[in-house]
file data_33.pdb (PDB, C-alpha atoms and all ligand atoms)
ATOM      1  CA  MET L   1     140.733 131.767  39.866  1.00  0.00           C
ATOM      2  CA  THR L   2     142.137 133.675  42.837  1.00  0.00           C
ATOM      3  CA  PRO L   3     143.677 136.696  41.149  1.00  0.00           C
ATOM      4  CA  ASP L   4     143.397 139.150  44.048  1.00  0.00           C
ATOM      5  CA  LEU L   5     145.137 137.000  46.550  1.00  0.00           C
ATOM      6  CA  PHE L   6     147.825 135.359  44.486  1.00  0.00           C
ATOM      7  CA  GLY L   7     148.562 137.718  41.626  1.00  0.00           C
ATOM      8  CA  ASP L   8     147.280 137.263  38.120  1.00  0.00           C
ATOM      9  CA  THR L   9     149.754 134.800  36.695  1.00  0.00           C
ATOM     10  CA  PRO L  10     147.554 132.378  34.786  1.00  0.00           C
ATOM     11  CA  GLY L  11     148.702 128.819  35.115  1.00  0.00           C
ATOM     12  CA  ALA L  12     150.906 129.506  38.127  1.00  0.00           C
ATOM     13  CA  PHE L  13     148.768 127.100  40.107  1.00  0.00           C
ATOM     14  CA  ALA L  14     147.845 124.722  37.321  1.00  0.00           C
ATOM     15  CA  PRO L  15     146.423 121.689  39.079  1.00  0.00           C
ATOM     16  CA  GLU L  16     148.698 118.648  38.952  1.00  0.00           C
ATOM     17  CA  PRO L  17     146.467 115.604  38.394  1.00  0.00           C
ATOM     18  CA  LEU L  18     146.758 112.905  41.028  1.00  0.00           C
ATOM     19  CA  ALA L  19     143.776 110.729  40.112  1.00  0.00           C
ATOM     20  CA  PRO L  20     140.372 111.399  38.559  1.00  0.00           C
ATOM     21  CA  GLY L  21     138.844 113.906  40.998  1.00  0.00           C
ATOM     22  CA  ALA L  22     142.122 114.595  42.827  1.00  0.00           C
ATOM     23  CA  VAL L  23     144.770 117.260  42.224  1.00  0.00           C
ATOM     24  CA  VAL L  24     147.796 118.838  43.865  1.00  0.00           C
ATOM     25  CA  LEU L  25     147.989 122.641  43.761  1.00  0.00           C
ATOM     26  CA  ARG L  26     151.701 123.260  44.221  1.00  0.00           C
ATOM     27  CA  GLY L  27     152.527 126.189  46.483  1.00  0.00           C
ATOM     28  CA  TYR L  28     148.949 127.423  46.392  1.00  0.00           C
ATOM     29  CA  ALA L  29     148.841 128.427  50.069  1.00  0.00           C
ATOM     30  CA  ALA L  30     152.415 129.717  50.372  1.00  0.00           C
ATOM     31  CA  GLY L  31     151.386 133.351  49.948  1.00  0.00           C
ATOM     32  CA  VAL L  32     148.968 133.205  52.878  1.00  0.00           C
ATOM     33  CA  ALA L  33     151.021 130.881  55.086  1.00  0.00           C
ATOM     34  CA  GLY L  34     151.752 133.618  57.628  1.00  0.00           C
ATOM     35  CA  ALA L  35     148.054 134.338  58.085  1.00  0.00           C
ATOM     36  CA  LEU L  36     147.219 130.631  58.284  1.00  0.00           C
ATOM     37  CA  LEU L  37     149.921 129.987  60.909  1.00  0.00           C
ATOM     38  CA  ALA L  38     148.784 132.966  62.980  1.00  0.00           C
ATOM     39  CA  ALA L  39     145.249 131.597  62.844  1.00  0.00           C
ATOM     40  CA  ILE L  40     146.485 128.149  63.927  1.00  0.00           C
ATOM     41  CA  THR L  41     148.134 129.754  66.972  1.00  0.00           C
ATOM     42  CA  GLU L  42     144.885 131.507  67.790  1.00  0.00           C
ATOM     43  CA  VAL L  43     142.809 128.342  67.457  1.00  0.00           C
ATOM     44  CA  ALA L  44     145.291 126.407  69.598  1.00  0.00           C
ATOM     45  CA  ALA L  45     145.054 129.053  72.333  1.00  0.00           C
ATOM     46  CA  GLY L  46     141.371 128.126  72.744  1.00  0.00           C
ATOM     47  CA  ALA L  47     141.577 124.437  71.873  1.00  0.00           C
ATOM     48  CA  PRO L  48     145.085 123.107  72.538  1.00  0.00           C
ATOM     49  CA  PHE L  49     146.790 120.436  70.457  1.00  0.00           C
ATOM     50  CA  ARG L  50     146.375 116.992  71.963  1.00  0.00           C
ATOM     51  CA  GLN L  51     147.258 113.436  71.034  1.00  0.00           C
ATOM     52  CA  MET L  52     144.018 111.505  70.816  1.00  0.00           C
ATOM     53  CA  LYS L  53     143.487 107.824  71.385  1.00  0.00           C
ATOM     54  CA  THR L  54     142.004 105.500  68.814  1.00  0.00           C
ATOM     55  CA  PRO L  55     139.266 102.998  69.697  1.00  0.00           C
ATOM     56  CA  GLY L  56     142.019 100.353  69.678  1.00  0.00           C
ATOM     57  CA  GLY L  57     143.760 102.182  72.540  1.00  0.00           C
ATOM     58  CA  TYR L  58     146.635 103.476  70.398  1.00  0.00           C
ATOM     59  CA  THR L  59     147.807 107.064  71.033  1.00  0.00           C
ATOM     60  CA  MET L  60     148.143 108.933  67.747  1.00  0.00           C
ATOM     61  CA  SER L  61     151.616 110.310  67.000  1.00  0.00           C
ATOM     62  CA  VAL L  62     150.018 113.355  65.363  1.00  0.00           C
ATOM     63  CA  ALA L  63     148.723 116.066  67.714  1.00  0.00           C
ATOM     64  CA  MET L  64     145.356 117.528  66.716  1.00  0.00           C
ATOM     65  CA  THR L  65     143.003 120.368  67.300  1.00  0.00           C
ATOM     66  CA  GLY L  66     140.378 121.968  65.125  1.00  0.00           C
ATOM     67  CA  CYS L  67     137.830 124.639  64.504  1.00  0.00           C
ATOM     68  CA  GLY L  68     134.452 125.159  62.930  1.00  0.00           C
ATOM     69  CA  GLU L  69     130.978 124.021  63.884  1.00  0.00           C
ATOM     70  CA  VAL L  70     132.224 120.532  64.608  1.00  0.00           C
ATOM     71  CA  CYS L  71     135.541 118.762  64.656  1.00  0.00           C
ATOM     72  CA  TRP L  72     136.631 115.175  64.176  1.00  0.00           C
ATOM     73  CA  VAL L  73     137.638 113.404  67.363  1.00  0.00           C
ATOM     74  CA  THR L  74     138.614 109.901  68.323  1.00  0.00           C
ATOM     75  CA  ASP L  75     138.604 108.187  71.700  1.00  0.00           C
ATOM     76  CA  GLN L  76     138.058 104.728  73.129  1.00  0.00           C
ATOM     77  CA  THR L  77     134.431 104.760  71.982  1.00  0.00           C
ATOM     78  CA  GLY L  78     135.096 105.546  68.318  1.00  0.00           C
ATOM     79  CA  TYR L  79     135.536 108.224  65.650  1.00  0.00           C
ATOM     80  CA  ARG L  80     133.050 111.035  65.158  1.00  0.00           C
ATOM     81  CA  TYR L  81     132.437 114.714  64.536  1.00  0.00           C
ATOM     82  CA  GLN L  82     131.680 116.519  67.749  1.00  0.00           C
ATOM     83  CA  ALA L  83     130.284 120.010  68.369  1.00  0.00           C
ATOM     84  CA  GLY L  84     132.305 120.665  71.524  1.00  0.00           C
ATOM     85  CA  ASP L  85     135.945 120.201  72.430  1.00  0.00           C
ATOM     86  CA  PRO L  86     136.021 117.164  74.730  1.00  0.00           C
ATOM     87  CA  LEU L  87     138.921 118.750  76.687  1.00  0.00           C
ATOM     88  CA  SER L  88     136.985 121.851  77.695  1.00  0.00           C
ATOM     89  CA  GLY L  89     133.346 121.096  76.957  1.00  0.00           C
ATOM     90  CA  GLN L  90     133.328 124.410  75.039  1.00  0.00           C
ATOM     91  CA  PRO L  91     132.456 124.873  71.364  1.00  0.00           C
ATOM     92  CA  TRP L  92     135.419 124.639  68.968  1.00  0.00           C
ATOM     93  CA  PRO L  93     136.918 127.998  67.964  1.00  0.00           C
ATOM     94  CA  ALA L  94     135.176 129.514  64.955  1.00  0.00           C
ATOM     95  CA  MET L  95     136.705 128.897  61.534  1.00  0.00           C
ATOM     96  CA  PRO L  96     139.147 131.806  60.928  1.00  0.00           C
ATOM     97  CA  GLU L  97     138.383 133.909  57.872  1.00  0.00           C
ATOM     98  CA  PRO L  98     141.696 133.120  56.078  1.00  0.00           C
ATOM     99  CA  PHE L  99     140.904 129.392  56.448  1.00  0.00           C
ATOM    100  CA  LEU L 100     137.460 129.724  54.898  1.00  0.00           C
ATOM    101  CA  ARG L 101     138.700 131.833  52.027  1.00  0.00           C
ATOM    102  CA  LEU L 102     141.643 129.602  51.159  1.00  0.00           C
ATOM    103  CA  ALA L 103     139.574 126.415  51.356  1.00  0.00           C
ATOM    104  CA  GLY L 104     136.867 127.783  49.047  1.00  0.00           C
ATOM    105  CA  GLU L 105     139.372 129.148  46.544  1.00  0.00           C
ATOM    106  CA  ALA L 106     141.506 126.012  46.454  1.00  0.00           C
ATOM    107  CA  ALA L 107     138.435 123.831  45.979  1.00  0.00           C
ATOM    108  CA  ALA L 108     137.309 126.060  43.095  1.00  0.00           C
ATOM    109  CA  ALA L 109     140.796 125.936  41.537  1.00  0.00           C
ATOM    110  CA  ALA L 110     140.479 122.140  41.646  1.00  0.00           C
ATOM    111  CA  GLY L 111     137.051 122.258  39.983  1.00  0.00           C
ATOM    112  CA  TYR L 112     134.814 122.034  43.058  1.00  0.00           C
ATOM    113  CA  ARG L 113     132.635 125.120  43.282  1.00  0.00           C
ATOM    114  CA  ASP L 114     130.891 126.549  46.325  1.00  0.00           C
ATOM    115  CA  PHE L 115     132.802 124.559  48.893  1.00  0.00           C
ATOM    116  CA  ILE L 116     132.010 125.953  52.338  1.00  0.00           C
ATOM    117  CA  PRO L 117     133.685 123.833  55.007  1.00  0.00           C
ATOM    118  CA  ASP L 118     132.099 123.537  58.428  1.00  0.00           C
ATOM    119  CA  ALA L 119     135.025 121.675  59.994  1.00  0.00           C
ATOM    120  CA  CYS L 120     138.784 122.005  59.910  1.00  0.00           C
ATOM    121  CA  LEU L 121     140.999 119.416  61.530  1.00  0.00           C
ATOM    122  CA  ILE L 122     144.473 120.752  62.305  1.00  0.00           C
ATOM    123  CA  ASN L 123     147.200 118.117  62.436  1.00  0.00           C
ATOM    124  CA  ARG L 124     150.619 118.818  63.901  1.00  0.00           C
ATOM    125  CA  TYR L 125     153.430 116.430  62.999  1.00  0.00           C
ATOM    126  CA  CYS L 126     156.824 116.346  64.698  1.00  0.00           C
ATOM    127  CA  PRO L 127     159.707 114.220  63.424  1.00  0.00           C
ATOM    128  CA  GLY L 128     158.591 110.605  63.784  1.00  0.00           C
ATOM    129  CA  SER L 129     154.846 111.362  63.498  1.00  0.00           C
ATOM    130  CA  ARG L 130     152.907 109.521  60.835  1.00  0.00           C
ATOM    131  CA  MET L 131     149.337 108.882  59.811  1.00  0.00           C
ATOM    132  CA  SER L 132     148.420 105.411  58.663  1.00  0.00           C
ATOM    133  CA  LEU L 133     146.287 104.803  55.589  1.00  0.00           C
ATOM    134  CA  HIS L 134     142.634 105.661  56.163  1.00  0.00           C
ATOM    135  CA  GLN L 135     139.549 106.969  54.394  1.00  0.00           C
ATOM    136  CA  ASP L 136     137.819 110.212  55.373  1.00  0.00           C
ATOM    137  CA  ARG L 137     134.331 108.793  55.712  1.00  0.00           C
ATOM    138  CA  ASP L 138     132.776 110.217  58.858  1.00  0.00           C
ATOM    139  CA  GLU L 139     131.309 113.152  56.910  1.00  0.00           C
ATOM    140  CA  ARG L 140     127.650 113.132  55.963  1.00  0.00           C
ATOM    141  CA  ASP L 141     127.952 114.211  52.341  1.00  0.00           C
ATOM    142  CA  PHE L 142     130.566 112.626  50.090  1.00  0.00           C
ATOM    143  CA  ASP L 143     129.655 115.059  47.290  1.00  0.00           C
ATOM    144  CA  GLN L 144     131.852 117.628  49.009  1.00  0.00           C
ATOM    145  CA  PRO L 145     135.628 117.391  48.542  1.00  0.00           C
ATOM    146  CA  ILE L 146     138.432 117.335  51.101  1.00  0.00           C
ATOM    147  CA  VAL L 147     140.897 120.232  50.925  1.00  0.00           C
ATOM    148  CA  SER L 148     144.233 119.508  52.589  1.00  0.00           C
ATOM    149  CA  VAL L 149     146.890 122.197  53.149  1.00  0.00           C
ATOM    150  CA  SER L 150     150.534 121.493  54.047  1.00  0.00           C
ATOM    151  CA  LEU L 151     152.604 123.994  56.027  1.00  0.00           C
ATOM    152  CA  GLY L 152     156.163 123.781  57.299  1.00  0.00           C
ATOM    153  CA  LEU L 153     158.331 120.687  57.039  1.00  0.00           C
ATOM    154  CA  PRO L 154     157.914 118.533  53.930  1.00  0.00           C
ATOM    155  CA  ALA L 155     156.265 115.120  54.084  1.00  0.00           C
ATOM    156  CA  THR L 156     155.447 112.169  51.895  1.00  0.00           C
ATOM    157  CA  PHE L 157     151.698 111.854  51.356  1.00  0.00           C
ATOM    158  CA  GLN L 158     150.382 108.483  50.274  1.00  0.00           C
ATOM    159  CA  PHE L 159     147.413 108.339  47.979  1.00  0.00           C
ATOM    160  CA  GLY L 160     145.847 104.934  47.452  1.00  0.00           C
ATOM    161  CA  GLY L 161     142.689 103.440  46.060  1.00  0.00           C
ATOM    162  CA  GLU L 162     139.247 102.677  47.401  1.00  0.00           C
ATOM    163  CA  THR L 163     140.461  99.538  49.080  1.00  0.00           C
ATOM    164  CA  ARG L 164     143.553  98.883  51.145  1.00  0.00           C
ATOM    165  CA  ARG L 165     144.724  96.414  48.495  1.00  0.00           C
ATOM    166  CA  VAL L 166     145.618  99.176  46.028  1.00  0.00           C
ATOM    167  CA  ARG L 167     149.249 100.156  46.456  1.00  0.00           C
ATOM    168  CA  PRO L 168     149.418 103.891  47.236  1.00  0.00           C
ATOM    169  CA  VAL L 169     151.510 106.351  45.244  1.00  0.00           C
ATOM    170  CA  ASN L 170     153.933 108.529  47.183  1.00  0.00           C
ATOM    171  CA  VAL L 171     153.410 112.258  46.712  1.00  0.00           C
ATOM    172  CA  PRO L 172     156.040 114.617  48.145  1.00  0.00           C
ATOM    173  CA  LEU L 173     154.332 117.629  49.735  1.00  0.00           C
ATOM    174  CA  SER L 174     156.053 120.876  50.664  1.00  0.00           C
ATOM    175  CA  HIS L 175     155.130 124.069  52.425  1.00  0.00           C
ATOM    176  CA  GLY L 176     152.118 125.654  50.755  1.00  0.00           C
ATOM    177  CA  ASP L 177     151.015 122.641  48.732  1.00  0.00           C
ATOM    178  CA  VAL L 178     147.285 121.914  48.690  1.00  0.00           C
ATOM    179  CA  VAL L 179     145.735 118.559  47.809  1.00  0.00           C
ATOM    180  CA  VAL L 180     142.064 118.405  46.884  1.00  0.00           C
ATOM    181  CA  TRP L 181     140.197 115.136  46.457  1.00  0.00           C
ATOM    182  CA  GLY L 182     136.514 114.670  45.766  1.00  0.00           C
ATOM    183  CA  GLY L 183     134.080 113.141  43.300  1.00  0.00           C
ATOM    184  CA  PRO L 184     135.375 109.741  42.173  1.00  0.00           C
ATOM    185  CA  ALA L 185     138.431 110.149  44.463  1.00  0.00           C
ATOM    186  CA  ARG L 186     136.520 111.131  47.594  1.00  0.00           C
ATOM    187  CA  LEU L 187     136.886 107.798  49.379  1.00  0.00           C
ATOM    188  CA  ARG L 188     140.457 107.029  48.393  1.00  0.00           C
ATOM    189  CA  TYR L 189     142.737 105.782  51.146  1.00  0.00           C
ATOM    190  CA  HIS L 190     145.503 108.190  52.120  1.00  0.00           C
ATOM    191  CA  GLY L 191     148.136 108.663  54.798  1.00  0.00           C
ATOM    192  CA  VAL L 192     151.432 110.301  55.645  1.00  0.00           C
ATOM    193  CA  LEU L 193     154.809 108.578  56.057  1.00  0.00           C
ATOM    194  CA  ARG L 194     156.888 109.153  59.170  1.00  0.00           C
ATOM    195  CA  LEU L 195     158.039 112.793  59.240  1.00  0.00           C
ATOM    196  CA  LYS L 196     161.777 113.286  58.845  1.00  0.00           C
ATOM    197  CA  GLN L 197     163.863 115.578  61.053  1.00  0.00           C
ATOM    198  CA  GLY L 198     164.167 119.088  59.736  1.00  0.00           C
ATOM    199  CA  TRP L 199     163.767 122.750  60.403  1.00  0.00           C
ATOM    200  CA  HIS L 200     161.455 125.150  58.636  1.00  0.00           C
ATOM    201  CA  PRO L 201     161.838 128.921  59.041  1.00  0.00           C
ATOM    202  CA  LEU L 202     158.112 129.407  59.717  1.00  0.00           C
ATOM    203  CA  THR L 203     157.227 126.303  61.719  1.00  0.00           C
ATOM    204  CA  GLY L 204     160.481 125.065  63.260  1.00  0.00           C
ATOM    205  CA  GLU L 205     160.425 121.313  63.725  1.00  0.00           C
ATOM    206  CA  TYR L 206     156.771 120.887  62.820  1.00  0.00           C
ATOM    207  CA  ARG L 207     154.596 120.169  59.855  1.00  0.00           C
ATOM    208  CA  TYR L 208     151.025 121.427  60.065  1.00  0.00           C
ATOM    209  CA  ASN L 209     148.220 120.093  57.949  1.00  0.00           C
ATOM    210  CA  LEU L 210     144.784 121.629  57.672  1.00  0.00           C
ATOM    211  CA  THR L 211     142.018 119.444  56.323  1.00  0.00           C
ATOM    212  CA  PHE L 212     138.823 121.196  55.441  1.00  0.00           C
ATOM    213  CA  ARG L 213     135.652 119.173  55.314  1.00  0.00           C
ATOM    214  CA  ARG L 214     131.941 119.560  55.002  1.00  0.00           C
ATOM    215  CA  ALA L 215     130.989 117.293  57.883  1.00  0.00           C
ATOM    216  CA  LEU L 216     127.317 118.056  58.551  1.00  0.00           C
TER     217      LEU L 216
HETATM  218  C1  LIG L 301     144.720 113.554  56.994  1.00  0.00           C
HETATM  219  O1  LIG L 301     144.441 112.664  56.214  1.00  0.00           O
HETATM  220  O2  LIG L 301     143.908 113.956  57.840  1.00  0.00           O
HETATM  221  C2  LIG L 301     146.074 114.204  57.000  1.00  0.00           C
HETATM  222  C3  LIG L 301     146.715 114.369  55.677  1.00  0.00           C
HETATM  223  C4  LIG L 301     148.013 115.116  55.790  1.00  0.00           C
HETATM  224  O3  LIG L 301     148.526 115.332  56.902  1.00  0.00           O
HETATM  225  O4  LIG L 301     148.578 115.502  54.745  1.00  0.00           O
HETATM  226 FE   FE2 L 302     142.381 111.917  56.097  1.00  0.00          FE
END
call {"tool": "encode", "arguments": {"input": "data_33.pdb", "output": "structure tokens"}}
result
Amino acid sequence: MTPDLFGDTPGAFAPEPLAPGAVVLRGYAAGVAGALLAAITEVAAGAPFRQMKTPGGYTMSVAMTGCGEVCWVTDQTGYRYQAGDPLSGQPWPAMPEPFLRLAGEAAAAAGYRDFIPDACLINRYCPGSRMSLHQDRDERDFDQPIVSVSLGLPATFQFGGETRRVRPVNVPLSHGDVVVWGGPARLRYHGVLRLKQGWHPLTGEYRYNLTFRRAL
């Protein structure tokens, strides 16, 4: 589905089923990782990584920034998509071209056509960072999938059900892996276990995760 970018080896990125509506595309983004990481550096120059606070007053262990028309933020007053970076009052950096292209192609490879994200949340994990189980439900249109790209250190992704009662499955994710969930899986709970110590040649002691969403 993406022959120009990734070479024309059919089946090389055969989606690995995770649940109805959800797949893992192993290594899908590895070939463009350099471009994605350069774009992350550029975004972070305009909108630096920061550890946000939840409404409960807890400081997230994951540092975040983002780009696009809006980005997801959290503070004492709640969770929301916001058009400007609360740190600077400026608009978020525009979505870099390699982001847009990868997100659209990965969504298509997972069976979701015409995905054009308007928001990308960039998560940066250091050893010890984790993300507790949550649903992505602040977007307006649940018909659009979530496309989630892993770069750098490996992590264990947890993929659960539509309620917290369903025990999540553990999915090991490595550099370049892309998870796409939409349709019947769109509101599944998910999270990331505490990141282990490690060193990756491209990202050092970090794991980056890009989540592409159609928020508006
Ligand atoms: C998220 O749910 O926003 C993050 C998922 C991940 O880091 O893999
Ligand atoms: Fe999420």
call {"tool": "closest_residue", "arguments": {"input": "data_33.pdb", "among": "L:Ala47, L:Leu37, L:Met60, L:Asp118", "to": "L:Leu87", "atoms": "all atoms listed in the file"}}
result
L:Ala47
call {"tool": "residues_near_ligand", "arguments": {"input": "data_33.pdb", "ligand": "ligand FE2 302 (chain L)", "cutoff": "8 Å", "atoms": "only C-alpha atoms and all ligand atoms", "output": "list in words"}}
result
His134, Gln135, Asp136, Tyr189, His190, Gly191 and Thr211 of chain L
call {"tool": "residues_near_ligand", "arguments": {"input": "data_33.pdb", "ligand": "ligand LIG 301 (chain L)", "cutoff": "7 Å", "atoms": "only C-alpha atoms and all ligand atoms", "output": "list in words"}}
result
Asn123, Met131, Ser148, Ser150, Phe157, His190, Gly191, Val192, Asn209 and Thr211 of chain L
call {"tool": "atom_distance", "arguments": {"input": "data_33.pdb", "atom1": "atom CA of L:Asp75", "atom2": "atom CA of L:Ala63"}}
result
13.4 Å
call {"tool": "resolve_selection", "arguments": {"input": "data_33.pdb", "expression": "the PyMOL selection byres (((chain L and resi 206) around 7) and not hetatm)", "output": "ChimeraX atom specification"}}
result
/L:124-126,152-153,203-205,207-208
call {"tool": "decode", "arguments": {"input": "data_33.pdb", "residues": "stretch 188-213 of chain L", "atoms": "C-alpha atoms", "output": "PDB file, in the first residue's frame"}}
result
ATOM      1  CA  ARG L 188     -10.607   0.398  23.918  1.00  0.00           C
ATOM      2  CA  TYR L 189      -8.605   1.164  27.039  1.00  0.00           C
ATOM      3  CA  HIS L 190      -4.845   1.223  26.530  1.00  0.00           C
ATOM      4  CA  GLY L 191      -1.680   2.216  28.352  1.00  0.00           C
ATOM      5  CA  VAL L 192       2.053   1.694  28.587  1.00  0.00           C
ATOM      6  CA  LEU L 193       3.942  -0.142  31.345  1.00  0.00           C
ATOM      7  CA  ARG L 194       6.858   1.517  33.101  1.00  0.00           C
ATOM      8  CA  LEU L 195       9.709   1.984  30.605  1.00  0.00           C
ATOM      9  CA  LYS L 196      12.801  -0.091  31.317  1.00  0.00           C
ATOM     10  CA  GLN L 197      16.347   1.289  31.259  1.00  0.00           C
ATOM     11  CA  GLY L 198      18.028   1.011  27.906  1.00  0.00           C
ATOM     12  CA  TRP L 199      19.851   2.756  25.140  1.00  0.00           C
ATOM     13  CA  HIS L 200      18.738   3.127  21.555  1.00  0.00           C
ATOM     14  CA  PRO L 201      21.156   4.291  18.848  1.00  0.00           C
ATOM     15  CA  LEU L 202      18.678   6.857  17.488  1.00  0.00           C
ATOM     16  CA  THR L 203      16.965   8.100  20.642  1.00  0.00           C
ATOM     17  CA  GLY L 204      19.365   7.384  23.510  1.00  0.00           C
ATOM     18  CA  GLU L 205      17.486   6.773  26.734  1.00  0.00           C
ATOM     19  CA  TYR L 206      14.092   7.759  25.372  1.00  0.00           C
ATOM     20  CA  ARG L 207      11.070   6.231  23.768  1.00  0.00           C
ATOM     21  CA  TYR L 208       8.976   8.547  21.616  1.00  0.00           C
ATOM     22  CA  ASN L 209       5.396   7.865  20.697  1.00  0.00           C
ATOM     23  CA  LEU L 210       3.403   9.790  18.134  1.00  0.00           C
ATOM     24  CA  THR L 211      -0.355   9.486  18.283  1.00  0.00           C
ATOM     25  CA  PHE L 212      -2.232  10.851  15.339  1.00  0.00           C
ATOM     26  CA  ARG L 213      -5.844  11.796  15.804  1.00  0.00           C
TER      27      ARG L 213
END
